[in-house]
Amino acid sequence: MPNREFYEVDVPIHDTANPTLRGLHVFTGVADSPAAALRRAHEVYDAALAAHTAGLETPGRQPDSWGASGLRPGWQMEWTAAKAGPWHNPLSCTPSGFAL
């Protein structure tokens, strides 16, 4: 059985009307590799965008924890620059996640 863990996929975004406005869209969910995490993030984004475009409710979080919310119409996802890796809880009190 593959080792499944929680991953984070960070996708740079920019405003198509004003490309100097930039941001980051973060996806999280369960996967067995960074490549699988990236694929799932792209899949849930595409499903959410299709629903939004059709005037339907955005699909919720899937059984594998992946979902897309906070769509920003007019913003372009930069999938070729996306980075996937193990998720690190920013609120963790462990030494590796604790910030002062």
# chains A, B, ... in the order shown; residues from 1 in each chain; ligands from 1

$ select_by_dssp --residues "chain A" --states "helix (DSSP H, G or I)" --output "list in words"
Pro34, Ala35, Ala36, Ala37, Leu38, Arg39, Arg40, Ala41, His42, Glu43, Val44, Tyr45, Asp46, Ala47, Ala48, Leu49, Ala50, Ala51, His52, Thr53, Trp79, Thr80 and Ala81 of chain A

$ residues_around --residues "segment 54-65 of chain A" --least-positions-apart "6" --cutoff "7 Å" --atoms "only C-alpha atoms" --output "MDAnalysis selection string"
chainID A and resid 29:30 48

$ residues_around --residues "Arg4 of chain A" --least-positions-apart "3" --cutoff "8 Å" --atoms "only C-alpha atoms" --output "PyMOL selection string"
chain A and resi 30-33

$ closest_residue --among "A:Ala17, A:Trp66, A:Phe6, A:Leu24" --to "Lys83 of chain A" --atoms "only C-alpha atoms"
A:Leu24

$ residues_around --residues "Thr20 of chain A" --least-positions-apart "6" --cutoff "12 Å" --atoms "only C-alpha atoms" --output "list in words"
Ile13, His14 and Trp75 of chain A

$ write_last_selection --atoms "N, CA and C atoms" --output "PDB file, in the first residue's frame"
ATOM      1  N   ILE A  13      -0.084  32.953  -8.541  1.00  0.00           N
ATOM      2  CA  ILE A  13      -1.179  33.498  -9.344  1.00  0.00           C
ATOM      3  C   ILE A  13      -0.891  34.966  -9.629  1.00  0.00           C
ATOM      4  N   HIS A  14      -1.507  35.480 -10.694  1.00  0.00           N
ATOM      5  CA  HIS A  14      -1.407  36.914 -10.980  1.00  0.00           C
ATOM      6  C   HIS A  14      -2.720  37.395 -11.571  1.00  0.00           C
ATOM      7  N   TRP A  75      -7.899  36.046 -12.243  1.00  0.00           N
ATOM      8  CA  TRP A  75      -6.548  35.722 -11.823  1.00  0.00           C
ATOM      9  C   TRP A  75      -6.118  34.448 -12.532  1.00  0.00           C
TER      10      TRP A  75
END

$ residues_around --residues "Tyr7 of chain A" --least-positions-apart "4" --cutoff "8 Å" --atoms "only C-alpha atoms" --output "list in words"
Thr28, Gly29, Val30, Ala31, Pro34, Ala37, Ala84, Gly85, Pro86 and Trp87 of chain A

$ closest_residue --among "A:Glu8, A:Glu43, A:Ala51, A:Met77" --to "Arg22 of chain A" --atoms "only C-alpha atoms"
A:Met77

$ closest_residue --among "A:Glu5, A:Ala35, A:His42, A:Asn18" --to "Glu78 of chain A" --atoms "only C-alpha atoms"
A:His42

$ closest_residue --among "A:Leu91, A:Leu38, A:Val11, A:Ala47" --to "Ala68 of chain A" --atoms "only C-alpha atoms"
A:Ala47

$ select_by_dssp --residues "chain A" --states "strand (DSSP E or B)" --output "number ranges by chain"
A: 5-15, 22-31, 75-77, 83-86

$ residues_around --residues "segment 70-72 of chain A" --least-positions-apart "3" --cutoff "9 Å" --atoms "only C-alpha atoms" --output "PyMOL selection string"
chain A and resi 15+25+45+48-49+52+75-76

$ closest_residue --among "A:Val44, A:Leu21, A:Val9, A:Ala50" --to "His88 of chain A" --atoms "only C-alpha atoms"
A:Val9

$ atom_distance --atom1 "atom CA of Ala41 of chain A" --atom2 "atom CA of Val26 of chain A"
8.9 Å
